[in-house]
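Working notes for the structure below.
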Amino acid sequence: MMRNLSKKSSKAQMLKKLPASKPDARLADAEQYLLPTYKRQPVVMTHGKGAYVFDSTGKKYLDFLGGIAVNALGHAHPRIVKVIRREAARAIHLSNLYHNAFQGPLARKLVDWSGMDRVFFANSGTEAIDGAMKLARLLGRHPDAPAGAPSKKHRFLALENSFHGRTFGAISVTATEKYRLPFAPVVPGVEFVRFNDLADLEAKFDDSVCAILIETVQGEGGIYPVSEAFWNRARALATQHGALLIADEIQCGLGRTGRYFAYQKFFTKPDIVLIAKPLAAGLPLGAVLTTEAVASRVSPGMHGTTFGGGPLACAVALEFLSIIEEEKLLENVRASGAELREGLKKLATKFDFIREIRAEGLMIGIELSVEGGPFVSEAMQRGLLINCTHDFTLRLLPPFIITKAQVREFLKLFEIVLAKTPKQAAAPDSAKFAVPQAAAHAAARG
Ligand SMILES: Cc1ncc(COP(=O)(O)O)c(C=O)c1O
């Protein structure tokens, strides 16, 4: 249905600052017309600056969620704004039938950072996952096998407690049943391995596996890093059985852990690395990074995308990577992450419902013995954005530009939130994700 609003009045409505007491018609529109896929907080966020976000009443929030790991540079970074303005006036989209000025240089930079050889650009994390699964199935077939002939090497291994996205391929390798089962049957041939359990990994790996997918640090699952022993065994078994090791670094990659990629703490590399979230500083862009051996099986027409790798998104991504290097943000991630972890550990001694703190750089999970949701609401009331995952784990994903003063501001606010939130006891069967002790210890050291 056509709206009766002129362009001018609709823009004015979008930017309107409303007093807190007045009902907001935009919320009513959202309630009535959006598919109810999210339980959104009842606020309209209008803009951000650095590590802060503002809502339509003018209220300011310290953003320790960063658009779920997307806004690594915070909001309105001047260099990003400049590139968007410049390139939007030149070419937003050109299609993948031609080269653009930024795809090649961006691919080169990502290859430098990752140690991979070649790149495919997609629009999102889940699209990158599906692309990688297609590559694994392709590599699993003999090059001379007739197209469509069944291939023995077609199984995927994924980990318990994993999250890889929402498309069919991605939900098939996502362990959480509520994301997968309503859409069954999903892609066949997937088996889940117990997290960091070497015996289970060995029992499930054989020549019929074409790939194993691992989030180097599980994000949605509650910040669980894969152990070095598990990674090494997965690498060795993948090599032994001619399968691909696929690292999902969509949430933990591109600097979040204080390294370019989370897997760079290990001595061995995966065959495919998947990235998205912060890559284009908030514009949609994902990528599949892979080796020459994988790339050599790909030919034109096998895979593609309309929007992936457009000139605007790639120009912004190049700028994002340069900012990380030039502003020495990895150092800041490590230093701020350590400070945050120390502060949280002190809070854990004051509040006995904090069960465990798991952290790698600026990727932090605070596991509670009570429901986490009420803490998120209390934090919002007090001008702080955080998130709760898997009901009991509060997740922090602050921007890489976070300052020491902002870490202190967070810790002060968070202590009040911990003290004031009404505590709702966890249900007795609130099955905490059971992680072998070695993993828990590695996470605590992180
Ligand atoms: C580890 C991981 N993989 C994949 C995805 C899916 O990415 P996207 O939402 O961009 O499709 C996410 C998103 O949260 C993620 O955290």
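Just remember, in the structure tokens the first chain shown is A, the second B, etc., residues are 1-based per chain, and ligands are 1-based in the order shown.
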May I have the residues within 8 Å of A:Ile272 as a compact mmCIF listing (two decimals) with N, CA and C atoms, in the first residue's frame, using only C-alpha atoms and disregarding those fewer than 5 positions away in the same chain?
# COMPACT_ATOMS: atom_id res chain seq x y z
N MET A 116 45.58 -17.20 3.61
CA MET A 116 44.88 -17.95 2.57
C MET A 116 45.36 -17.44 1.20
N ALA A 132 30.89 -21.97 1.51
CA ALA A 132 31.95 -22.89 1.95
C ALA A 132 31.46 -24.33 1.91
N LEU A 244 37.98 -30.82 4.40
CA LEU A 244 38.37 -29.43 4.63
C LEU A 244 38.10 -29.04 6.08
N LEU A 245 39.02 -28.26 6.63
CA LEU A 245 38.80 -27.66 7.94
C LEU A 245 38.31 -26.23 7.68
N ILE A 246 37.08 -25.96 8.09
CA ILE A 246 36.48 -24.65 7.82
C ILE A 246 36.37 -23.88 9.14
N ALA A 247 37.03 -22.72 9.20
CA ALA A 247 36.97 -21.90 10.42
C ALA A 247 35.92 -20.81 10.22
N VAL A 288 34.50 -15.60 1.77
CA VAL A 288 35.07 -16.94 1.91
C VAL A 288 36.53 -16.80 1.50
N LEU A 289 37.45 -17.10 2.42
CA LEU A 289 38.88 -17.06 2.09
C LEU A 289 39.34 -18.51 2.00
N THR A 290 40.09 -18.84 0.98
CA THR A 290 40.49 -20.24 0.86
C THR A 290 41.85 -20.41 0.19
N THR A 291 42.23 -21.68 0.05
CA THR A 291 43.55 -22.01 -0.48
C THR A 291 43.49 -22.17 -2.00
Inset, instruction - Could you give me, as a PyMOL selection string, each residue of stretch 193-414 of chain A that DSSP assigns to helix (DSSP H, G or I) when run on this structure's backbone? - result: chain A and resi 198-204+228-241+262-265+292-295+311-326+329-350+373-381+404-414
Legend entry - For atom CA of A:Ala211 and atom CA of A:Ala243, the interatomic separation in Å (one decimal):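 Rounded to one decimal, the two atoms are 4.9 Å apart.
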Inset, instruction - Could you report the residues within 9 Å of ligand 1, using only C-alpha atoms and all ligand atoms, as JSON, numbers by chain? - result: {"A": [68, 69, 123, 124, 125, 126, 127, 128, 129, 162, 163, 164, 165, 166, 167, 170, 214, 215, 216, 217, 218, 219, 220, 221, 248, 249, 250, 251, 252, 274, 275, 276, 277, 284, 285, 286]}
Could you write those residues out with N, CA and C atoms, as an mmCIF file, in the first residue's frame?
data_model
loop_
_atom_site.group_PDB
_atom_site.id
_atom_site.type_symbol
_atom_site.label_atom_id
_atom_site.label_comp_id
_atom_site.auth_asym_id
_atom_site.auth_seq_id
_atom_site.Cartn_x
_atom_site.Cartn_y
_atom_site.Cartn_z
ATOM 1 N N ILE A 68 25.974 -6.462 17.625
ATOM 2 C CA ILE A 68 26.380 -7.884 17.653
ATOM 3 C C ILE A 68 27.664 -8.094 16.833
ATOM 4 N N ALA A 69 28.706 -7.431 17.297
ATOM 5 C CA ALA A 69 30.067 -7.632 16.753
ATOM 6 C C ALA A 69 30.293 -7.020 15.373
ATOM 7 N N ASN A 123 27.430 -11.499 0.850
ATOM 8 C CA ASN A 123 26.743 -10.379 1.513
ATOM 9 C C ASN A 123 26.640 -10.519 3.012
ATOM 10 N N SER A 124 26.807 -11.729 3.507
ATOM 11 C CA SER A 124 26.523 -11.962 4.922
ATOM 12 C C SER A 124 27.309 -13.188 5.372
ATOM 13 N N GLY A 125 27.265 -13.429 6.670
ATOM 14 C CA GLY A 125 27.928 -14.606 7.216
ATOM 15 C C GLY A 125 27.297 -15.885 6.710
ATOM 16 N N THR A 126 25.994 -15.926 6.772
ATOM 17 C CA THR A 126 25.319 -17.173 6.408
ATOM 18 C C THR A 126 25.549 -17.519 4.940
ATOM 19 N N GLU A 127 25.649 -16.508 4.099
ATOM 20 C CA GLU A 127 25.913 -16.767 2.675
ATOM 21 C C GLU A 127 27.343 -17.297 2.489
ATOM 22 N N ALA A 128 28.248 -16.799 3.317
ATOM 23 C CA ALA A 128 29.623 -17.308 3.259
ATOM 24 C C ALA A 128 29.649 -18.778 3.702
ATOM 25 N N ILE A 129 28.882 -19.102 4.749
ATOM 26 C CA ILE A 129 28.829 -20.498 5.220
ATOM 27 C C ILE A 129 28.311 -21.409 4.101
ATOM 28 N N SER A 162 27.011 -25.046 18.327
ATOM 29 C CA SER A 162 27.457 -24.142 17.258
ATOM 30 C C SER A 162 26.326 -23.236 16.779
ATOM 31 N N PHE A 163 26.731 -22.111 16.163
ATOM 32 C CA PHE A 163 25.783 -21.264 15.422
ATOM 33 C C PHE A 163 26.485 -20.795 14.164
ATOM 34 N N HIS A 164 25.857 -21.075 13.007
ATOM 35 C CA HIS A 164 26.495 -20.679 11.748
ATOM 36 C C HIS A 164 25.607 -19.828 10.850
ATOM 37 N N GLY A 165 24.369 -19.537 11.255
ATOM 38 C CA GLY A 165 23.544 -18.663 10.433
ATOM 39 C C GLY A 165 22.181 -19.248 10.155
ATOM 40 N N ARG A 166 21.457 -18.634 9.209
ATOM 41 C CA ARG A 166 20.022 -18.907 9.062
ATOM 42 C C ARG A 166 19.586 -19.458 7.711
ATOM 43 N N THR A 167 20.491 -19.538 6.732
ATOM 44 C CA THR A 167 20.098 -20.147 5.458
ATOM 45 C C THR A 167 20.086 -21.673 5.649
ATOM 46 N N ALA A 170 23.415 -23.282 6.490
ATOM 47 C CA ALA A 170 23.902 -22.852 7.808
ATOM 48 C C ALA A 170 23.080 -23.444 8.955
ATOM 49 N N ILE A 214 34.162 -25.309 12.278
ATOM 50 C CA ILE A 214 34.470 -24.944 13.666
ATOM 51 C C ILE A 214 34.417 -23.428 13.817
ATOM 52 N N GLU A 215 33.616 -22.932 14.773
ATOM 53 C CA GLU A 215 33.759 -21.532 15.187
ATOM 54 C C GLU A 215 34.983 -21.528 16.101
ATOM 55 N N THR A 216 36.015 -20.800 15.750
ATOM 56 C CA THR A 216 37.240 -20.847 16.548
ATOM 57 C C THR A 216 36.942 -20.434 17.999
ATOM 58 N N VAL A 217 36.075 -19.434 18.133
ATOM 59 C CA VAL A 217 35.490 -19.140 19.447
ATOM 60 C C VAL A 217 33.982 -19.107 19.236
ATOM 61 N N GLN A 218 33.259 -19.996 19.889
ATOM 62 C CA GLN A 218 31.799 -19.979 19.711
ATOM 63 C C GLN A 218 31.247 -18.686 20.298
ATOM 64 N N GLY A 219 30.453 -17.981 19.491
ATOM 65 C CA GLY A 219 29.930 -16.683 19.926
ATOM 66 C C GLY A 219 28.538 -16.793 20.507
ATOM 67 N N GLU A 220 27.584 -17.078 19.647
ATOM 68 C CA GLU A 220 26.186 -17.212 20.067
ATOM 69 C C GLU A 220 26.061 -18.260 21.165
ATOM 70 N N GLY A 221 26.921 -19.257 21.102
ATOM 71 C CA GLY A 221 26.895 -20.344 22.084
ATOM 72 C C GLY A 221 27.329 -19.916 23.480
ATOM 73 N N ASP A 248 34.872 -20.858 11.037
ATOM 74 C CA ASP A 248 33.872 -19.787 11.014
ATOM 75 C C ASP A 248 34.383 -18.690 11.937
ATOM 76 N N GLU A 249 34.910 -17.623 11.316
ATOM 77 C CA GLU A 249 35.446 -16.492 12.091
ATOM 78 C C GLU A 249 34.548 -15.271 11.879
ATOM 79 N N ILE A 250 33.280 -15.544 11.636
ATOM 80 C CA ILE A 250 32.334 -14.466 11.340
ATOM 81 C C ILE A 250 32.152 -13.536 12.540
ATOM 82 N N GLN A 251 32.163 -14.118 13.736
ATOM 83 C CA GLN A 251 32.043 -13.276 14.941
ATOM 84 C C GLN A 251 33.415 -13.037 15.597
ATOM 85 N N CYS A 252 34.283 -14.036 15.567
ATOM 86 C CA CYS A 252 35.525 -13.912 16.349
ATOM 87 C C CYS A 252 36.703 -13.417 15.508
ATOM 88 N N LEU A 274 35.905 -18.068 7.122
ATOM 89 C CA LEU A 274 34.704 -17.295 6.789
ATOM 90 C C LEU A 274 34.639 -16.055 7.654
ATOM 91 N N ILE A 275 34.354 -14.922 7.015
ATOM 92 C CA ILE A 275 34.262 -13.664 7.761
ATOM 93 C C ILE A 275 33.032 -12.890 7.296
ATOM 94 N N ALA A 276 32.590 -11.961 8.115
ATOM 95 C CA ALA A 276 31.486 -11.065 7.719
ATOM 96 C C ALA A 276 31.437 -9.913 8.716
ATOM 97 N N LYS A 277 30.522 -9.981 9.637
ATOM 98 C CA LYS A 277 30.151 -8.929 10.599
ATOM 99 C C LYS A 277 30.878 -7.572 10.486
ATOM 100 N N PRO A 284 26.634 -4.513 4.542
ATOM 101 C CA PRO A 284 26.648 -5.978 4.444
ATOM 102 C C PRO A 284 27.757 -6.484 3.521
ATOM 103 N N LEU A 285 28.657 -7.277 4.076
ATOM 104 C CA LEU A 285 29.733 -7.887 3.292
ATOM 105 C C LEU A 285 30.275 -9.085 4.059
ATOM 106 N N GLY A 286 30.361 -10.208 3.382
ATOM 107 C CA GLY A 286 30.974 -11.399 3.966
ATOM 108 C C GLY A 286 32.017 -11.900 2.989
#
Find the residues near A:Leu413: any atom within 8 Å, counting only C-alpha atoms, skip ones fewer than 6 places away on the same chain, and give them as a short mmCIF file (atom, residue, chain, number, x, y, z; two decimals) with N, CA and C atoms, in the first residue's frame.
data_model
loop_
_atom_site.label_atom_id
_atom_site.label_comp_id
_atom_site.auth_asym_id
_atom_site.auth_seq_id
_atom_site.Cartn_x
_atom_site.Cartn_y
_atom_site.Cartn_z
N ALA A 379 20.09 -3.01 32.27
CA ALA A 379 21.21 -2.28 31.69
C ALA A 379 20.70 -1.19 30.73
N ARG A 382 19.50 1.80 32.36
CA ARG A 382 20.59 2.61 32.91
C ARG A 382 21.56 3.09 31.84
N LEU A 384 22.94 1.32 29.07
CA LEU A 384 24.02 0.40 28.70
C LEU A 384 23.46 -0.70 27.81
#
Inset, instruction - Would you mind telling me which residue in A:Cys314, A:Val193, A:Leu35, A:Ile364 lies nearest to A:Asn100 when using only C-alpha atoms? - result: A:Cys314
Inset, instruction - For each of A:Gly343, A:Gly189, A:Pro278, A:Pro374, take the minimum atom-to-atom distance to A:Ile357, counting only C-alpha atoms, then give the residue where this is smallest. - result: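 That would be A:Gly343, the residue with the smallest distance to A:Ile357.
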Legend entry - Secondary structure check, strand (DSSP E) residues of stretch 161-362 of chain A, as a PyMOL selection string: chain A and resi 190-193+209-215+217-218+224-225+244-248+272-275+286-290+354-360
